[in-house]
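In what follows, a single structure is set out as structure tokens and then discussed.
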Amino acid sequence: MANHETGGLAPNQDLPLLRIRGLGVRFGTFNAINPLDLDVRDGEFLTILGPSGSGKTTLLRAIAGFQTPSEGGIEFDGRDIAEMPINRRPFNTVFQDYALFPHMTVRENVSFGLRVRGTGRKRLNDRVDSALGIVGLEELGARYPSQLSGGQQQRTALARAMICEPRMILLDEPLAALDAALRRQMQNFLKSVQRQSGITFLFVTHDQSEATTMSDRICVMRSGSIEQIGTPRDLYYRPKSKFVASFFGASNIIEPCEIIDVRNDVTSVRTPVGTFAVAGPAPEGGSGLALAVRPEAFGIGNGKPANQIELTVVSVSFIGSETITELKHRNTSLEFKMKARSDPAAIPPAPGSVLTVGFDPAECALVSGDTG
Amino acid sequence: MKRLRLLDVSLASVSFLVYLALYLPILLVFVLSFFSMRRGRVRWDTFSFEWYARLFSNESLGEALLNSIIVGITAIIAATVIATLAALHVNARPSSRSARMLEYVIFLPFLLPPIITGLSLLIYFREIGVSRGLATIIVGHAVFVLAIIYRIILTRLNSLSRSLVEAAQDLGASRLQTFRFIILPNLRMPLLTAGILAFALSFDETMITLFLAGTDGTLPVRLYAMMRVGFTPEINALITLILGFSIVLTVVFAFAWRRSGGIDNNRITRI
């Protein structure tokens with residue numbers, strides 16, 4: 001079974017590159033970030049994911065130095081940087097609005113970090129050429145930002161942040177302003193740049209699919225606290241809370257849920273719609289539990305004999321490769337969604353008909369409820 | 001349809017009258033700087049540059065004009081430096097107590113009747129034993145134009161995305177480098193606008209100057225003094241010259257504005 005704490009990766013022996021301890025940010029009486037701990041490993045792509053107002057951008061700004069933390073410490077490569085001025089911090093930022101300097105050409109923008117450090121002309125030109133090469137903007141060095149497309153502005157901002165060869169780059173929702181197709185393309189591009197350069201990326205987004213495709217690990221935030229950290233697979237298959245379960249794909253949530261037995265690494269729970277077996281040990285703090293089942297885990301005849309429910313079909317929607325069936329429980333009127341690969345030979349069940357659907361004990365998770 | 005045309009015609013004639021009222025006196029002055037007049041009629045056969053020649057030999061007017069230019073430029077430079085520093089502070093910490101204080105302190109002299117500002121400065125200078133002269137006029141004008149320069153610069157600073165400054169610092173720029181490479185280049189146009197506007201204000205400021213002028217007066221003060229003994233026709237030449245200078249300045253300014261302002265706006269809104 002995957003290890004919850006390290007998110008399934010082999011534990012890193014080295015110190016984390018970035019080490020955050022008890023970091024909190026308060027605006028007046030409002031806690032934007034409750035004191036939290038976070039480790040970022042050298043060379044990983046870590047995404048801070050959360051809805052707006054979850055404190056993810058504030059956390060990034062505190063790391064970058066734009067926001068003074070109310071408490072706690074930040075260590076980078078073993079050095080305390082909590083009090084370090086912004087311009088001395090050994091990493092760079094890609095801003096949500098790119099923040100390209102409007103009065104400078106692409107070349108001048110990219111070279112800015114070297115220029116303020118007084119780098120010699122020859123070395124500066126070589127470095128700028130290589131950075132523009134990495135982002136594929138060799139031809140556009142003389143353009144002004146206003147003459148670039150959104151994707152090109154994004155690439156310029158990335159080249160500018162990489163020019164000083166930082167060990168870590170902070171990215172604040174850099175793809176939010178791009179259209180869907182370009183965003184997909186930039187996701188692959190960012191990921192490949194990160195892999196080839198080995199630079200640690202700390203990426204902030206509210207887009208769950210973006211986080212899932214790009215990240216080595218994801219840190220889910222909610223109301224100024226970290227809800228769960230893990231690999232994308234971990235968060236998808238082993239969510240710890242209802243919040244994470246529903247944030248990562250629409251889960252079927254069955255609650256309230258009461259543990260009645262734990263035996264041989266299988267936990268039995270009682271719910272309003274029946275008694276089910278769940279693989280794995282029971283989570284600590286057994287109250288306020290819910291059972292989360294992915295729509296694709298449901299299937300007709302699955303989970304025999306333990307995890308089966310009789311449900312009434314409400315509607316069937318065919319969306320190409322998949323068919324989504326909406327179901328309802330007769331007594332509790334709890335609603336369920338079942339997603340299955342479309343079968344050309346199957347006759348879709350008529351609304352009102354009763355199906356016996358089930359799920360595998362390994363394909364569901366016990367999660368904490370709202371208060372957890 | 002017909003009624004609409006009638007409306008158009010009457011609107012056009014009203015506009016014509018307004019333009020006439022605005023520009024006829026100026027036109028008259030322009031004409032009179034080249035021709036002489038007798039019994040309410042312009043004598044078209046008297047074209048000459050005589051009044052211009054007399055103007056340039058009139059030492060008291062020439063000196064007054066020079067004083068106006070010296071006062072204007074010096075006061076603007078002083079006020080621009082102070083206004084820029086104040087605007088930078090207010091832009092960086094808009095909600096601080098010092099920022100709110102600054103807003104009031106800078107705006108008060110602009111809102112106060114000039115007679116109060118002039119009188120207060122006069123009393124102040126006398127109490128600290130500074131005799132009246134160009135220096136006191138410069139201080140008075142600097143105080144007066146400070147608000148307008150401050151406002152123009154602050155507006156531009158506030159419209160600059162904060163992330164530009166953050167990006168510069170993030171890339172390792174010190175505060176001074178951020179100002180030099182990021183803020184200042186984006187302030188070029190507003191500084192020019194503010195300078196021209198402030199110069200125009202300073203050029204015709206009379207009330208404060210009256211209190212603060214010693215023996216060296218600026219042009220408006222000089223003209224005011226001349227009114228008591230009656231104007232000589234070289235006044236027309238002077239006004240025509242100033243008018244011509246203003247028109248050239250306006251055209252140059254409009255051209256510069258369109259060129260850099262156009263690109264500027266485009267860049268700012270797209271990023």
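Every chain in the structure tokens takes a letter, A first, then B, and so on in the order presented; its residues are numbered from 1, and the ligands are numbered from 1 following the presented order.
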
Determine, counting only C-alpha atoms, which protein, DNA and RNA residues have an atom within 8 Å of an atom of segment 201-215 of chain A; residues of the same chain fewer than 5 positions away are not included. Present the result as a ChimeraX atom specification. /A:43-52,56-57,60,168-173,187-188,191,194,231-232,247-248

If we count only C-alpha atoms, which residues of chain A reach to within 7 Å of chain B? Please list them as an MDAnalysis selection string. chainID A and resid 86:88 92:93 97 99:102 113 116 146

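The spacing separating atom CA of Leu17 of chain A from atom CA of Arg41 of chain A amounts to 5.2 Å.
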
From segment 33-265 of chain A, collect each residue whose DSSP state is helix (DSSP H, G or I) and return the set as a PyMOL selection string. chain A and resi 56-64+86-88+106-115+121-135+138-140+145-147+150-162+180-197+208-214+232-237+242-247

Applying 7 Å and only C-alpha atoms, which residues near segment 79-81 of chain B remain after dropping the ones on its own chain fewer than 3 positions away? List them as a PyMOL selection string. chain B and resi 75-76+84-85+142+145-146+149

Based on the selection just made, write C-alpha atoms of those residues as a PDB file, in the first residue's frame.
```
ATOM      1  CA  ALA B  75      10.277  75.801  -9.093  1.00  0.00           C
ATOM      2  CA  ILE B  76       9.290  72.877 -11.328  1.00  0.00           C
ATOM      3  CA  THR B  84       8.093  62.222  -6.998  1.00  0.00           C
ATOM      4  CA  LEU B  85       9.444  61.222  -3.608  1.00  0.00           C
ATOM      5  CA  ALA B 142       7.076  75.322  -5.942  1.00  0.00           C
ATOM      6  CA  VAL B 145       2.567  73.556  -8.354  1.00  0.00           C
ATOM      7  CA  LEU B 146       3.578  70.693  -6.057  1.00  0.00           C
ATOM      8  CA  ILE B 149       2.790  67.410 -10.269  1.00  0.00           C
TER       9      ILE B 149
END
```

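Minimum atom-to-atom distance to Leu160 of chain B, evaluated using only C-alpha atoms, belongs to B:Leu88 out of B:Ile123, B:Ile208, B:Ala99, B:Leu88.
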
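Around Asp216 of chain B, within 8 Å and counting only C-alpha atoms, the residues found are Ala64, Asn67, Gly133 and Leu134 of chain B, once anything fewer than 5 positions away on its own chain is removed.
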
Could you go through segment 64-283 of chain A and tell me which residues DSSP, when run on the backbone, assigns to strand (DSSP E), listing them as an MDAnalysis selection string? chainID A and resid 71:76 79:80 92:94 168:172 200:205 217:222 225:230 252:263 266:271 274:279
